[in-house]
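Let me begin by presenting the structure, written as structure tokens, before commenting on it.
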Amino acid sequence: MKILVTGGSGQVGFELQRQLCLLGTVMAPSRQELDLADAAAVDRWLDSHQPELIVNAAAYTAVDGAEEEPALARRLNAELPAQLAAYSAARGQWLVHYSSDYVYPGSGETPWQEQDDTGPLNVYGQTKLEGDEAVLASGCAHLIFRTSWVYSARGNNFMKTMLRLGRERDVLKVVSDQIGAPTPARLIAQVTALALSDGIARQSRAPTLPAGIYHLAPAGETSWHGFACEIFRQVRERGEPLAISPEGVATISSAEYPVPAARPLNSRLALTRLEQALGLRLPDWQEQLSLTLAEVLAS
Ligand SMILES: NC(=O)c1ccc[n+]([C@@H]2O[C@H](COP(=O)([O-])OP(=O)(O)OC[C@H]3O[C@@H](n4cnc5c(N)ncnc54)[C@H](OP(=O)(O)O)[C@@H]3O)[C@@H](O)[C@H]2O)c1
């Protein structure tokens with residue numbers, strides 16, 4: 001089976017390549033080989049390579065940058081999924097796509113359910129929502145995994161920024177009123193492979209779970225401040241040197257830390273639909289962090 005993974009150099013795309021190579025021949029063209037912003041080039045690539053399953057991990061993920069470059073964000077986050085969904089629908093193939101907690105309005109304190117009303121607060125969230133809607137409207141068989149606060153040993157992410165700052169500084173202020181679950185890219189790829197493997201082995205190519213939108217994140221919740229404190233606690237526990245002390249990590253509110261794009265305060269995602277569909281229990285975010293830290297600190 002020929003599997004196209006877009007965004008193969010990204011956090012999720014890289015981990016997908018590690019997992020999906022067991023299920024088929026993974027094709028993951030680099031940006032130099034295929035500029036996904038170029039719709040005609042994407043059509044040509046699909047015509048010539050004829051993937052049988054598309055897993056779309058490419059996106060415009062610079063949340064603040066999207067406010068300045070809405071057309072490019074919309075091309076990557078909305079038009080590209082629409083294009084890949086049209087290709088998949090025309091061939092009766094499945095499309096796996098990734099979306100975001102940022103499609104929700106961030107109000108309240110209860111976890112979002114997949115069927116809740118959306119209401120993005122920024123251009124990134126709006127374009128991600130348009131991508132979800134395009135996939136749904138295409139009629140293609142789809143899995144849309146909405147995830148949150150992605151990090152990994154690769155790429156630029158909050159965990160790696162904290163590791164660097166924690167070695168350099170003895171005082172840090174970290175936002176404490178945005179609540180969600182930090183999600184390792186590895187977990188996203190593992191769940192994707194689990195969802196796909198049975199159907200591919202049975203040659204039906206249909207995933208184990210019904211088409212639809214699923215939240216995908218670890219269990220539990222924290223703030224960015226709580227995430228930072230846990231990173232430093234685990235690093236200290238491993239005997240690694242840090243400049244920052246537990247008392248040095250101060251809290252700051254979102255209002256006190258202005259950025260171009262507004263962020264949702266409530267990014268909690270209800271996980272029951274995915275857990276029931278796959279018959280699994282999503283692990284706690286703290287134990288997941290420990291696995292990624294082990295990878296980063298060993299390198
Ligand atoms: N990061 C988060 O916190 C977060 C949170 C919730 C949901 N998500 C969603 O999860 C999915 C995966 O995110 P991620 O964190 O793995 O993203 P990422 O690390 O930023 O990777 C994005 C990928 O898209 C590629 N890409 C972007 N523009 C391209 C273009 N014009 N041509 C070719 N490739 C292009 C990048 O290639 P280059 O390496 O060449 O730039 C990279 O491989 C996305 O759908 C994202 O919206 C992410």
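Chain labels run A, B, ... following the order of the structure tokens; each chain numbers its residues from 1, and ligands are numbered from 1 in the order shown.
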Per residue of chain A within 9 Å of ligand 1, record the nearest atom pair and its distance in Å to one decimal, counting only C-alpha atoms and all ligand atoms, with rows in chain order and ascending residue number, as a tab-separated table.
residue	atom	partner	partner_atom_place_in_ligand_line	distance
A:Thr6	CA	ligand 1	24 (O)	6.9
A:Gly7	CA	ligand 1	43 (O)	3.2
A:Gly8	CA	ligand 1	43 (O)	4.9
A:Ser9	CA	ligand 1	43 (O)	3.8
A:Gly10	CA	ligand 1	21 (O)	3.3
A:Gln11	CA	ligand 1	16 (O)	3.6
A:Val12	CA	ligand 1	16 (O)	3.7
A:Gly13	CA	ligand 1	16 (O)	5.7
A:Phe14	CA	ligand 1	16 (O)	7.8
A:Glu15	CA	ligand 1	16 (O)	8.7
A:Pro29	CA	ligand 1	33 (C)	8.0
A:Ser30	CA	ligand 1	33 (C)	6.3
A:Arg31	CA	ligand 1	33 (C)	3.9
A:Gln32	CA	ligand 1	33 (C)	7.5
A:Glu33	CA	ligand 1	33 (C)	8.3
A:Leu34	CA	ligand 1	33 (C)	6.0
A:Asp35	CA	ligand 1	32 (N)	3.8
A:Leu36	CA	ligand 1	32 (N)	3.9
A:Ala37	CA	ligand 1	31 (N)	4.3
A:Asp38	CA	ligand 1	31 (N)	7.4
A:Asn56	CA	ligand 1	45 (O)	7.2
A:Ala57	CA	ligand 1	12 (C)	4.7
A:Ala58	CA	ligand 1	24 (O)	3.4
A:Ala59	CA	ligand 1	24 (O)	4.6
A:Tyr60	CA	ligand 1	27 (C)	5.3
A:Thr61	CA	ligand 1	20 (O)	4.9
A:Ala62	CA	ligand 1	20 (O)	7.2
A:Val63	CA	ligand 1	2 (C)	8.9
A:Leu72	CA	ligand 1	31 (N)	8.2
A:Ala73	CA	ligand 1	28 (N)	8.6
A:Arg75	CA	ligand 1	31 (N)	8.7
A:Leu76	CA	ligand 1	28 (N)	6.4
A:Asn77	CA	ligand 1	47 (O)	7.2
A:His97	CA	ligand 1	45 (O)	6.9
A:Tyr98	CA	ligand 1	45 (O)	4.2
A:Ser99	CA	ligand 1	45 (O)	5.0
A:Ser100	CA	ligand 1	7 (C)	3.9
A:Asp101	CA	ligand 1	6 (C)	6.0
A:Tyr102	CA	ligand 1	6 (C)	7.2
A:Tyr124	CA	ligand 1	47 (O)	8.2
A:Gly125	CA	ligand 1	47 (O)	8.6
A:Lys128	CA	ligand 1	47 (O)	6.7
A:Phe145	CA	ligand 1	10 (O)	8.4
A:Arg146	CA	ligand 1	7 (C)	6.4
A:Thr147	CA	ligand 1	6 (C)	4.7
A:Ser148	CA	ligand 1	6 (C)	4.0
A:Trp149	CA	ligand 1	3 (O)	3.9
A:Val150	CA	ligand 1	3 (O)	3.8
A:Tyr151	CA	ligand 1	3 (O)	6.5
A:Ser152	CA	ligand 1	15 (O)	8.4
A:Arg154	CA	ligand 1	19 (O)	8.0
A:Gly155	CA	ligand 1	19 (O)	6.0
A:Asn156	CA	ligand 1	19 (O)	7.4
A:Asn157	CA	ligand 1	1 (N)	7.2
A:Phe158	CA	ligand 1	3 (O)	8.5
A:Pro182	CA	ligand 1	3 (O)	8.2
A:Thr183	CA	ligand 1	3 (O)	8.0
A:Ala185	CA	ligand 1	16 (O)	6.7
A:Ile188	CA	ligand 1	10 (O)	8.7
Residues within 8 Å of Pro264 in chain A, please, as number ranges by chain. Count only C-alpha atoms; anything in the same chain fewer than 5 positions from it doesn't count. A: 102, 104-107, 121, 178
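For the pair CA of Gln288 in chain A and CA of Arg164 in chain A, the interatomic distance is 19.7 Å.
Residue nearest Ala153 in chain A within the list A:Arg233, A:His215, A:Gly166, A:Ala294: A:Ala294 [criterion: smallest interatomic distance, only C-alpha atoms].
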So that I can see what lies close to range 111-113 of chain A, please list as JSON, numbers by chain the residues with an atom at most 8 Å from it, counting only C-alpha atoms and leaving out residues fewer than 6 positions away in the same chain. {"A": [104, 266, 267, 268, 269, 270]}
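Checking A:Ala262, A:Leu297, A:Leu282, A:Ala82 one by one against Ser138 in chain A, counting only C-alpha atoms, you find the shortest gap at A:Ala82.
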Can you tell me which residues surround Gly24 in chain A at a distance of at most 6 Å, considering only C-alpha atoms, apart from same-chain residues fewer than 2 positions away, and format the answer as JSON, numbers by chain? {"A": [1, 2, 21, 22]}
Print the selection's residues with N, CA, C and O atoms to a file, as a PDB file, in the first residue's frame.
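Full text of selection_13.pdb as output:
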ATOM      1  N   MET A   1       0.833  -1.205   0.000  1.00  0.00           N
ATOM      2  CA  MET A   1       0.000   0.000   0.000  1.00  0.00           C
ATOM      3  C   MET A   1       0.873   1.264   0.000  1.00  0.00           C
ATOM      4  O   MET A   1       1.794   1.359   0.812  1.00  0.00           O
ATOM      5  N   LYS A   2       0.559   2.190  -0.900  1.00  0.00           N
ATOM      6  CA  LYS A   2       1.353   3.426  -0.986  1.00  0.00           C
ATOM      7  C   LYS A   2       0.713   4.504  -0.097  1.00  0.00           C
ATOM      8  O   LYS A   2      -0.448   4.869  -0.312  1.00  0.00           O
ATOM      9  N   CYS A  21       5.700   2.930   8.448  1.00  0.00           N
ATOM     10  CA  CYS A  21       6.532   2.124   7.548  1.00  0.00           C
ATOM     11  C   CYS A  21       6.229   0.645   7.723  1.00  0.00           C
ATOM     12  O   CYS A  21       6.539  -0.161   6.845  1.00  0.00           O
ATOM     13  N   LEU A  22       5.606   0.268   8.828  1.00  0.00           N
ATOM     14  CA  LEU A  22       5.238  -1.139   9.029  1.00  0.00           C
ATOM     15  C   LEU A  22       3.983  -1.501   8.238  1.00  0.00           C
ATOM     16  O   LEU A  22       3.677  -2.675   8.051  1.00  0.00           O
TER      17      LEU A  22
END
If DSSP is run on the backbone, what residues of range 134-298 of chain A are alpha helix (DSSP H)? A reply as a PyMOL selection string would be ideal. chain A and resi 134-138+158-168+185-201+224-237+272-278+285-298
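The closest residue to Thr208 in chain A, picked from A:Ala71, A:Leu143, A:Leu187, A:Ala78 and counting only C-alpha atoms, is A:Leu143.
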Using only C-alpha atoms, determine which residues lie at most 12 Å from Ser290 in chain A, disregarding the query and same-chain residues fewer than 2 positions distant; provide the list as a ChimeraX atom specification. /A:152-153,159,182-184,227,230-238,283-288,292-298
Quick one: distance from CA of Glu114 in chain A to CA of Gln276 in chain A in Å, one decimal? 13.6 Å
